[in-house]
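Below is the file protein21.cif, which contains mmCIF, C-alpha atoms, pLDDT in the B column; chains and numbers go by the auth columns.
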data_start
loop_
_atom_site.group_PDB
_atom_site.id
_atom_site.type_symbol
_atom_site.label_atom_id
_atom_site.label_comp_id
_atom_site.label_asym_id
_atom_site.label_seq_id
_atom_site.Cartn_x
_atom_site.Cartn_y
_atom_site.Cartn_z
_atom_site.B_iso_or_equiv
_atom_site.auth_seq_id
_atom_site.auth_asym_id
ATOM 1 C CA ASP A 1 -17.548 34.413 16.828 40.00 803 A
ATOM 2 C CA GLU A 2 -20.678 33.980 14.740 52.00 804 A
ATOM 3 C CA GLU A 3 -20.314 31.904 11.579 59.00 805 A
ATOM 4 C CA LYS A 4 -21.638 33.548 8.444 66.00 806 A
ATOM 5 C CA ARG A 5 -23.440 31.788 5.628 71.00 807 A
ATOM 6 C CA LYS A 6 -21.238 31.268 2.598 84.00 808 A
ATOM 7 C CA VAL A 7 -22.347 31.074 -1.015 88.00 809 A
ATOM 8 C CA ILE A 8 -19.607 30.361 -3.552 93.00 810 A
ATOM 9 C CA LEU A 9 -20.089 30.424 -7.330 94.00 811 A
ATOM 10 C CA ILE A 10 -17.687 28.413 -9.478 96.00 812 A
ATOM 11 C CA GLU A 11 -17.912 29.345 -13.154 97.00 813 A
ATOM 12 C CA GLY A 12 -16.176 27.613 -16.015 96.00 814 A
ATOM 13 C CA ALA A 13 -16.387 26.713 -19.667 96.00 815 A
ATOM 14 C CA PRO A 14 -18.093 23.480 -20.726 94.00 816 A
ATOM 15 C CA GLY A 15 -15.822 20.533 -20.008 94.00 817 A
ATOM 16 C CA SER A 16 -13.581 22.476 -17.631 96.00 818 A
ATOM 17 C CA GLY A 17 -14.191 20.090 -14.710 97.00 819 A
ATOM 18 C CA LYS A 18 -16.930 21.755 -12.662 97.00 820 A
ATOM 19 C CA SER A 19 -18.923 18.537 -12.214 97.00 821 A
ATOM 20 C CA THR A 20 -15.758 16.591 -11.485 97.00 822 A
ATOM 21 C CA LEU A 21 -14.837 19.184 -8.854 97.00 823 A
ATOM 22 C CA SER A 22 -18.315 18.891 -7.290 98.00 824 A
ATOM 23 C CA TRP A 23 -17.969 15.115 -7.050 97.00 825 A
ATOM 24 C CA ASP A 24 -14.403 15.445 -5.743 98.00 826 A
ATOM 25 C CA ILE A 25 -15.484 17.844 -2.985 98.00 827 A
ATOM 26 C CA CYS A 26 -18.016 15.280 -1.756 97.00 828 A
ATOM 27 C CA GLN A 27 -15.599 12.366 -2.037 97.00 829 A
ATOM 28 C CA ARG A 28 -12.829 14.199 -0.180 98.00 830 A
ATOM 29 C CA TRP A 29 -15.238 15.288 2.560 97.00 831 A
ATOM 30 C CA GLY A 30 -16.390 11.680 2.950 96.00 832 A
ATOM 31 C CA ALA A 31 -12.769 10.539 3.213 97.00 833 A
ATOM 32 C CA GLY A 32 -12.065 13.128 5.914 97.00 834 A
ATOM 33 C CA LYS A 33 -9.723 15.143 3.709 97.00 835 A
ATOM 34 C CA LEU A 34 -11.688 18.334 3.002 96.00 836 A
ATOM 35 C CA PHE A 35 -14.156 20.690 4.672 95.00 837 A
ATOM 36 C CA GLN A 36 -14.312 18.777 7.927 95.00 838 A
ATOM 37 C CA GLU A 37 -16.004 21.755 9.566 94.00 839 A
ATOM 38 C CA PHE A 38 -19.200 20.465 7.915 95.00 840 A
ATOM 39 C CA GLU A 39 -21.173 17.592 9.410 95.00 841 A
ATOM 40 C CA ALA A 40 -22.933 16.904 6.117 95.00 842 A
ATOM 41 C CA VAL A 41 -22.221 17.596 2.456 97.00 843 A
ATOM 42 C CA VAL A 42 -25.068 17.168 -0.026 97.00 844 A
ATOM 43 C CA LEU A 43 -24.444 16.978 -3.774 97.00 845 A
ATOM 44 C CA VAL A 44 -27.395 18.228 -5.824 97.00 846 A
ATOM 45 C CA ARG A 45 -27.238 17.850 -9.594 96.00 847 A
ATOM 46 C CA VAL A 46 -29.583 20.361 -11.241 96.00 848 A
ATOM 47 C CA ARG A 47 -30.018 18.106 -14.290 94.00 849 A
ATOM 48 C CA ASP A 48 -31.492 15.344 -12.076 94.00 850 A
ATOM 49 C CA PRO A 49 -35.269 15.279 -12.748 94.00 851 A
ATOM 50 C CA GLU A 50 -36.004 14.185 -9.160 92.00 852 A
ATOM 51 C CA ALA A 51 -34.016 17.126 -7.778 93.00 853 A
ATOM 52 C CA GLN A 52 -35.793 19.491 -10.180 94.00 854 A
ATOM 53 C CA LYS A 53 -39.183 18.327 -8.859 94.00 855 A
ATOM 54 C CA ALA A 54 -38.195 18.633 -5.197 94.00 856 A
ATOM 55 C CA CYS A 55 -40.045 21.315 -3.258 93.00 857 A
ATOM 56 C CA GLU A 56 -38.484 20.382 0.090 93.00 858 A
ATOM 57 C CA ILE A 57 -34.964 19.534 1.207 93.00 859 A
ATOM 58 C CA VAL A 58 -35.959 15.884 1.701 94.00 860 A
ATOM 59 C CA GLY A 59 -36.293 15.573 -2.091 94.00 861 A
ATOM 60 C CA LEU A 60 -32.653 16.582 -2.548 95.00 862 A
ATOM 61 C CA LEU A 61 -31.227 13.994 -0.190 94.00 863 A
ATOM 62 C CA PRO A 62 -29.797 10.810 -1.710 87.00 864 A
ATOM 63 C CA ALA A 63 -31.562 8.069 0.229 82.00 865 A
ATOM 64 C CA GLN A 64 -33.341 4.929 -0.888 83.00 866 A
ATOM 65 C CA ASP A 65 -35.413 4.974 2.286 89.00 867 A
ATOM 66 C CA ARG A 66 -37.836 7.916 2.380 89.00 868 A
ATOM 67 C CA SER A 67 -38.173 7.795 6.178 93.00 869 A
ATOM 68 C CA MET A 68 -34.391 8.071 6.557 92.00 870 A
ATOM 69 C CA ALA A 69 -34.334 11.055 4.178 93.00 871 A
ATOM 70 C CA GLU A 70 -37.156 12.688 6.137 95.00 872 A
ATOM 71 C CA SER A 71 -35.282 12.169 9.399 94.00 873 A
ATOM 72 C CA VAL A 72 -32.077 13.683 8.004 94.00 874 A
ATOM 73 C CA ALA A 73 -33.996 16.594 6.466 95.00 875 A
ATOM 74 C CA ALA A 74 -35.677 17.281 9.818 95.00 876 A
ATOM 75 C CA GLU A 75 -32.258 17.371 11.521 95.00 877 A
ATOM 76 C CA ILE A 76 -30.906 19.776 8.887 94.00 878 A
ATOM 77 C CA VAL A 77 -33.866 22.112 9.326 91.00 879 A
ATOM 78 C CA ALA A 78 -33.729 21.839 13.137 92.00 880 A
ATOM 79 C CA CYS A 79 -30.161 23.139 13.132 91.00 881 A
ATOM 80 C CA ARG A 80 -30.993 25.740 10.457 88.00 882 A
ATOM 81 C CA GLY A 81 -28.539 24.108 8.084 91.00 883 A
ATOM 82 C CA ARG A 82 -25.603 24.869 10.357 92.00 884 A
ATOM 83 C CA LYS A 83 -22.551 22.831 9.396 94.00 885 A
ATOM 84 C CA VAL A 84 -24.247 21.640 6.183 96.00 886 A
ATOM 85 C CA LEU A 85 -22.729 22.267 2.756 96.00 887 A
ATOM 86 C CA PHE A 86 -24.902 21.950 -0.336 96.00 888 A
ATOM 87 C CA VAL A 87 -22.950 21.495 -3.580 97.00 889 A
ATOM 88 C CA ILE A 88 -25.280 22.472 -6.421 96.00 890 A
ATOM 89 C CA ASP A 89 -23.818 21.274 -9.689 97.00 891 A
ATOM 90 C CA GLY A 90 -24.921 22.634 -13.066 96.00 892 A
ATOM 91 C CA TRP A 91 -27.020 25.713 -12.303 95.00 893 A
ATOM 92 C CA ASP A 92 -26.777 26.549 -16.024 93.00 894 A
ATOM 93 C CA GLU A 93 -28.570 23.279 -16.830 91.00 895 A
ATOM 94 C CA GLY A 94 -31.956 24.632 -15.848 88.00 896 A
ATOM 95 C CA GLY A 95 -31.594 26.249 -12.446 86.00 897 A
ATOM 96 C CA SER A 96 -32.862 29.645 -13.539 85.00 898 A
ATOM 97 C CA SER A 97 -36.012 28.095 -15.045 90.00 899 A
ATOM 98 C CA LEU A 98 -36.963 26.172 -11.898 92.00 900 A
ATOM 99 C CA PRO A 99 -40.173 27.334 -10.202 91.00 901 A
ATOM 100 C CA GLU A 100 -39.973 29.557 -7.122 86.00 902 A
ATOM 101 C CA THR A 101 -41.124 26.563 -5.048 88.00 903 A
ATOM 102 C CA SER A 102 -38.085 24.514 -6.084 91.00 904 A
ATOM 103 C CA ALA A 103 -35.886 23.414 -3.185 91.00 905 A
ATOM 104 C CA ILE A 104 -32.793 23.967 -5.337 92.00 906 A
ATOM 105 C CA ARG A 105 -33.789 27.521 -6.211 88.00 907 A
ATOM 106 C CA ARG A 106 -34.623 28.366 -2.600 84.00 908 A
ATOM 107 C CA LEU A 107 -31.158 27.236 -1.489 86.00 909 A
ATOM 108 C CA ILE A 108 -29.485 30.052 -3.387 82.00 910 A
ATOM 109 C CA GLN A 109 -32.069 32.831 -3.436 75.00 911 A
ATOM 110 C CA SER A 110 -31.241 36.014 -1.608 58.00 912 A
ATOM 111 C CA GLU A 111 -34.179 35.433 0.755 57.00 913 A
ATOM 112 C CA LEU A 112 -32.176 32.569 2.244 53.00 914 A
ATOM 113 C CA CYS A 113 -29.935 35.168 3.812 60.00 915 A
ATOM 114 C CA CYS A 114 -32.722 36.352 6.088 65.00 916 A
ATOM 115 C CA GLN A 115 -32.719 34.820 9.534 66.00 917 A
ATOM 116 C CA GLU A 116 -36.326 33.615 9.247 67.00 918 A
ATOM 117 C CA ASN A 117 -35.290 31.039 6.638 72.00 919 A
ATOM 118 C CA PRO A 118 -34.953 27.506 8.077 74.00 920 A
ATOM 119 C CA LEU A 119 -31.625 26.937 6.258 83.00 921 A
ATOM 120 C CA TYR A 120 -30.144 30.321 7.103 82.00 922 A
ATOM 121 C CA GLU A 121 -26.856 28.885 8.388 87.00 923 A
ATOM 122 C CA SER A 122 -26.131 26.435 5.552 91.00 924 A
ATOM 123 C CA SER A 123 -23.357 27.001 3.042 93.00 925 A
ATOM 124 C CA VAL A 124 -23.660 26.531 -0.696 94.00 926 A
ATOM 125 C CA ILE A 125 -21.268 25.962 -3.590 96.00 927 A
ATOM 126 C CA VAL A 126 -22.859 26.446 -7.033 96.00 928 A
ATOM 127 C CA THR A 127 -21.258 25.483 -10.340 97.00 929 A
ATOM 128 C CA SER A 128 -22.324 27.050 -13.623 96.00 930 A
ATOM 129 C CA ARG A 129 -21.122 28.028 -17.072 93.00 931 A
#
This entry written out as structure tokens:
Amino acid sequence: DEEKRKVILIEGAPGSGKSTLSWDICQRWGAGKLFQEFEAVVLVRVRDPEAQKACEIVGLLPAQDRSMAESVAAEIVACRGRKVLFVIDGWDEGGSSLPETSAIRRLIQSELCCQENPLYESSVIVTSR
């Protein structure tokens, strides 16, 4: 039974709790209470200037140690993103204006659905207004 890539869009009015939900998803996963089929959950806030500048997955990973982030990114790419959930919060806060080379943008583009993409098997939740 082959797992399919999932992309989920959560839309809501300003102040409706989309960012809170994004944070809660990550917290509950970390506590072992939600989405335990994933081995990693990565919260990406579109309004974060560092995330906006990232051209590779390593730039989206929250790590103080660059070598640790590079190691984790290499593992994610090696498994094609399988069992990894990216939670992209605030697409409406600049996501559509990000350059084509942006790591955030590439996570949700339709090209990601082709099997040649290194993150073909990752799943993504996107929040937006």
Problem set entry | Polymer residues at most 10 Å from Glu895 (chain A), only C-alpha atoms, same-chain spacing of 5 or more positions, as a list in words | Arg847, Val848, Arg849, Asp850, Ser930 and Arg931 of chain A
For this session: Run the PyMOL selection byres ((chain A and resi 875-892) around 9) on the file and write out the hits as a ChimeraX atom specification.
Result: /A:805,807,820-821,824-825,827-828,837,839-849,858-861,863,870-874,893-897,906,909,919-931
Could you work out an axis-aligned bounding box for all listed atoms of region 879-890 of chain A, with 6 Å added on each of the six sides, and give its centre and edge lengths in Å to one decimal, as JSON?
{"center_x": -28.2, "center_y": 23.6, "center_z": 3.4, "size_x": 23.3, "size_y": 16.2, "size_z": 31.6}
For this session: Taking the point (-36.7, 26.9, -4.7) as given in the file, collect each protein or nucleic acid residue that comes within 12 Å of it, counting only C-alpha atoms, and present the set as a ChimeraX atom specification.
Result: /A:848,853-859,861-862,897-914
For this session: Rounded to one decimal place, report the CA of Pro816 (chain A)-CA of Gly832 (chain A) distance in Å.
Result: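 Distance between the two atoms: 26.5 Å.
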